[in-house]
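Asker: Following this message is one structure expressed as structure tokens.
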Number of protein chains: 2
Amino acid sequence: MSGPHRITAEPLTRGGFARYGDVLKASGAPDRWINRGLCGRYHDLALLDFGAEGRAGISLFKAVPRNMPYALDLVERHPEGSQAFLPMSPDPFLVTVAEDGPNGPEGVRAFLTEPGQGVNFHRGVWHGVLTPLSGPGLFAVVDRIGPGRNLEEVSLNPRVLVTRG
Amino acid sequence: MSGPHRITAEPLTRGGFARYGDVLKASGAPDRWINRGLCGRYHDLALLDFGAEGRAGISLFKAVPRNMPYALDLVERHPEGSQAFLPMSPDPFLVTVAEDGPNGPEGVRAFLTEPGQGVNFHRGVWHGVLTPLSGPGLFAVVDRIGPGRNLEEVSLNPRVLVTRG
């Protein structure tokens, strides 16, 4: 029986995350100033894709905080739609993703968010479940509402141990 | 020249806000337990409506914090779509709405959120602009992306002074 595979969490950047999804953040100059100049709008930051039979919905997730090192033993994907995790607190959280290989998910990577960053997983991308690292673990989630099965789960063996960089 | 009309901010509750939109919050038992019981899902909490030519988008808004009492002198509405304000910090913010009267917006009301509450204004509802009361003033916004003019603004005269209850 082999031990866990070990990886280090990377900083979350748009470039590093582009093959998996979108990083939502309000940095740099906004796309528009609105409300008489009192609000910056960072416009339309996520590729939302809910297929022909789905629609967008907003749900809230409240998750138990996890600790680092974090043992990732399960990944999932939503074949029918994208899924955005929008933190309702400034606390960093852990984002894990994987490639879709010939034998299932492979090449796990982990990203640690900065305060004010959200993510949107593109449709069909393998990812770990919502992983807050501190309370309150509260997130707004924009994902697909619609008919059909929209969840595939795969256990990882060996599991992947994610450590801080 | 008359002075401002004065109102008191009310606590934000689903019942009190129902005629204007949805209150998004994670209270009570979740609709589903997911992720092996480590996450509660409060499912599909908002009536999203983007019309035939619109689609959902996620933007970030970063707004200048305001003070109470707050002088509301402008309301707006989006005739083509709903708009959700999802705070990315636990800080309460002020929500203002108005009825659509024969001569324009009337009957302004104000609501003060609790930590962890978001709102979704239903399509066409008069509301004040995003009003954080402290930093960072960062919100995820789910609203309509699409063609056409989706903003009407009306100045309030006299303005409405919103005080804490």
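Just so we're on the same page: first chain in the structure tokens is A, next is B, and so on; residues restart at 1 for each chain, and ligands are numbered from 1 in the order they show up.
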Could you please tell me, as a ChimeraX atom specification, which residues of chain A have an atom within 7 Å of chain B when using only C-alpha atoms?
Answerer: /A:25-26,35,38-46,56-64,87-90,116,129
Asker: Where does DSSP see strand (DSSP E) in stretch 1-156 of chain B, if you list the residues as JSON, numbers by chain?
Answerer: {"B": [5, 6, 7, 8, 10, 11, 21, 22, 23, 24, 32, 33, 34, 39, 40, 41, 42, 55, 56, 57, 58, 59, 60, 61, 62, 63, 70, 71, 72, 73, 74, 75, 76, 77, 83, 84, 85, 86, 87, 93, 94, 95, 96, 97, 98, 99, 100, 101, 104, 105, 106, 107, 108, 109, 110, 111, 112, 118, 119, 120, 121, 126, 127, 131, 132, 138, 139, 140, 141, 142, 143, 144, 145, 152, 153, 154, 155, 156]}
Asker: Quick one: residues within 8 Å of B:Thr8, only C-alpha atoms counted, chain neighbours fewer than 2 positions away excluded, as JSON, numbers by chain?
Answerer: {"B": [6, 10, 110, 162, 163, 164, 165]}
Asker: Need the shell around B:Gly16: protein/DNA/RNA residues with any atom at most 12 Å away, counting only C-alpha atoms. Skip same-chain ones fewer than 3 positions apart. Format as a list in words?
Answerer: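 Here the answer would be Ala9, Glu10, Pro11, Leu12, Thr13, Arg19, Tyr20, Gly21, Asp22, Val23, Val97, Arg109, Ala110, Phe111 and Leu112 of chain B.
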Asker: Keeping all heavy atoms for every residue in the selection just given, could you write it to a file as a CSV table (one decimal), in the first residue's frame?
Answerer:
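Output file part12.csv follows:
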chain,number,residue,atom,x,y,z
B,9,ALA,N,-34.2,52.0,8.8
B,9,ALA,CA,-33.9,50.7,8.2
B,9,ALA,C,-34.5,49.5,9.0
B,9,ALA,O,-34.4,49.5,10.2
B,9,ALA,CB,-32.4,50.5,8.1
B,10,GLU,N,-35.1,48.6,8.3
B,10,GLU,CA,-35.7,47.4,8.9
B,10,GLU,C,-34.8,46.3,8.8
B,10,GLU,O,-33.9,46.2,8.0
B,10,GLU,CB,-37.0,47.1,8.2
B,10,GLU,CG,-38.0,48.2,8.0
B,10,GLU,CD,-39.1,47.9,7.0
B,10,GLU,OE1,-39.7,46.8,7.1
B,10,GLU,OE2,-39.3,48.7,6.1
B,11,PRO,N,-34.9,45.3,9.7
B,11,PRO,CA,-34.2,44.0,9.5
B,11,PRO,C,-34.6,43.4,8.2
B,11,PRO,O,-35.8,43.4,7.8
B,11,PRO,CB,-34.5,43.2,10.7
B,11,PRO,CG,-35.2,44.1,11.7
B,11,PRO,CD,-35.8,45.2,10.9
B,12,LEU,N,-33.7,42.8,7.5
B,12,LEU,CA,-34.0,42.1,6.3
B,12,LEU,C,-34.5,40.7,6.6
B,12,LEU,O,-33.8,39.8,7.1
B,12,LEU,CB,-32.7,42.0,5.4
B,12,LEU,CG,-32.9,41.4,4.0
B,12,LEU,CD1,-33.8,42.2,3.2
B,12,LEU,CD2,-31.6,41.2,3.3
B,13,THR,N,-35.8,40.5,6.2
B,13,THR,CA,-36.4,39.1,6.3
B,13,THR,C,-37.0,38.7,5.0
B,13,THR,O,-37.4,39.6,4.2
B,13,THR,CB,-37.5,39.1,7.4
B,13,THR,OG1,-38.5,40.0,7.0
B,13,THR,CG2,-36.9,39.6,8.8
B,19,ARG,N,-41.9,41.1,-1.7
B,19,ARG,CA,-42.5,41.8,-2.8
B,19,ARG,C,-41.5,42.5,-3.7
B,19,ARG,O,-41.8,43.0,-4.8
B,19,ARG,CB,-43.6,42.8,-2.4
B,19,ARG,CG,-43.0,43.9,-1.5
B,19,ARG,CD,-44.2,44.8,-1.0
B,19,ARG,NE,-44.8,45.6,-2.0
B,19,ARG,CZ,-46.1,45.5,-2.4
B,19,ARG,NH1,-46.9,44.6,-1.8
B,19,ARG,NH2,-46.6,46.2,-3.4
B,20,TYR,N,-40.2,42.5,-3.2
B,20,TYR,CA,-39.1,43.1,-4.0
B,20,TYR,C,-38.2,42.1,-4.5
B,20,TYR,O,-37.5,42.4,-5.6
B,20,TYR,CB,-38.4,44.1,-3.1
B,20,TYR,CG,-39.3,45.1,-2.3
B,20,TYR,CD1,-39.5,44.9,-1.0
B,20,TYR,CD2,-39.9,46.1,-3.0
B,20,TYR,CE1,-40.3,45.8,-0.3
B,20,TYR,CE2,-40.8,46.9,-2.3
B,20,TYR,CZ,-41.0,46.8,-0.9
B,20,TYR,OH,-41.8,47.6,-0.3
B,21,GLY,N,-38.0,41.0,-3.9
B,21,GLY,CA,-37.0,40.1,-4.3
B,21,GLY,C,-36.8,39.0,-3.3
B,21,GLY,O,-37.6,38.7,-2.4
B,22,ASP,N,-35.6,38.3,-3.4
B,22,ASP,CA,-35.3,37.2,-2.6
B,22,ASP,C,-34.2,37.5,-1.6
B,22,ASP,O,-33.3,38.3,-1.9
B,22,ASP,CB,-34.8,36.0,-3.5
B,22,ASP,CG,-35.7,35.8,-4.6
B,22,ASP,OD1,-36.8,35.3,-4.4
B,22,ASP,OD2,-35.3,36.0,-5.8
B,23,VAL,N,-34.3,37.0,-0.4
B,23,VAL,CA,-33.2,37.0,0.6
B,23,VAL,C,-32.5,35.7,0.5
B,23,VAL,O,-33.1,34.6,0.6
B,23,VAL,CB,-33.7,37.3,2.0
B,23,VAL,CG1,-32.6,37.2,3.0
B,23,VAL,CG2,-34.5,38.6,2.1
B,97,VAL,N,-35.3,49.9,-1.5
B,97,VAL,CA,-36.2,49.6,-2.6
B,97,VAL,C,-37.4,50.6,-2.6
B,97,VAL,O,-37.6,51.3,-1.6
B,97,VAL,CB,-36.8,48.1,-2.4
B,97,VAL,CG1,-35.7,47.1,-2.6
B,97,VAL,CG2,-37.4,48.0,-1.0
B,109,ARG,N,-38.4,51.9,1.0
B,109,ARG,CA,-38.1,51.2,2.3
B,109,ARG,C,-36.7,50.8,2.3
B,109,ARG,O,-36.0,50.7,1.2
B,109,ARG,CB,-39.0,49.9,2.4
B,109,ARG,CG,-40.5,50.2,2.6
B,109,ARG,CD,-41.3,49.0,2.6
B,109,ARG,NE,-41.1,48.1,3.7
B,109,ARG,CZ,-41.6,46.8,3.8
B,109,ARG,NH1,-42.4,46.4,2.8
B,109,ARG,NH2,-41.4,46.1,4.8
B,110,ALA,N,-36.2,50.6,3.5
B,110,ALA,CA,-34.7,50.3,3.6
B,110,ALA,C,-34.6,49.1,4.5
B,110,ALA,O,-35.4,48.9,5.5
B,110,ALA,CB,-34.0,51.4,4.2
B,111,PHE,N,-33.7,48.2,4.2
B,111,PHE,CA,-33.4,47.0,5.0
B,111,PHE,C,-31.9,46.9,5.3
B,111,PHE,O,-31.1,47.2,4.4
B,111,PHE,CB,-33.8,45.7,4.2
B,111,PHE,CG,-35.3,45.7,3.9
B,111,PHE,CD1,-35.8,46.3,2.7
B,111,PHE,CD2,-36.2,45.1,4.7
B,111,PHE,CE1,-37.1,46.3,2.4
B,111,PHE,CE2,-37.6,45.1,4.4
B,111,PHE,CZ,-38.0,45.7,3.2
B,112,LEU,N,-31.6,46.5,6.5
B,112,LEU,CA,-30.2,46.3,6.9
B,112,LEU,C,-30.0,44.8,6.9
B,112,LEU,O,-30.7,44.0,7.6
B,112,LEU,CB,-30.0,46.9,8.2
B,112,LEU,CG,-28.5,47.1,8.7
B,112,LEU,CD1,-27.7,47.9,7.7
B,112,LEU,CD2,-28.5,47.7,10.1
Asker: By how many Å are atom CA of A:Leu151 and atom CA of A:Ala98 apart?
Answerer: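 Spanning atom CA of A:Leu151 to atom CA of A:Ala98 is a straight-line distance of 15.3 Å.
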Asker: Between atom CA of B:Val108 and atom CA of B:Phe121, measure the distance and give it in Å to one decimal.
Answerer: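 Computing the Euclidean distance for atom CA of B:Val108 and atom CA of B:Phe121 yields 14.3 Å.
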Asker: Would you list, as an MDAnalysis selection string, the residues of stretch 10-158 of chain B that end up in helix (DSSP H, G or I) under DSSP run on this structure's backbone?
Answerer: chainID B and resid 14:17
Asker: Using only C-alpha atoms, determine which residues lie at most 12 Å from A:Gly51, disregarding the query and same-chain residues fewer than 4 positions distant; provide the list as a ChimeraX atom specification.
Answerer: /A:55-56,78-82,122-124,143-148,150
Asker: So how far away is atom CA of A:Glu152 from atom CA of B:Phe50, in Å?
Answerer: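 Separation of atom CA of B:Phe50 and atom CA of A:Glu152: 29.3 Å.
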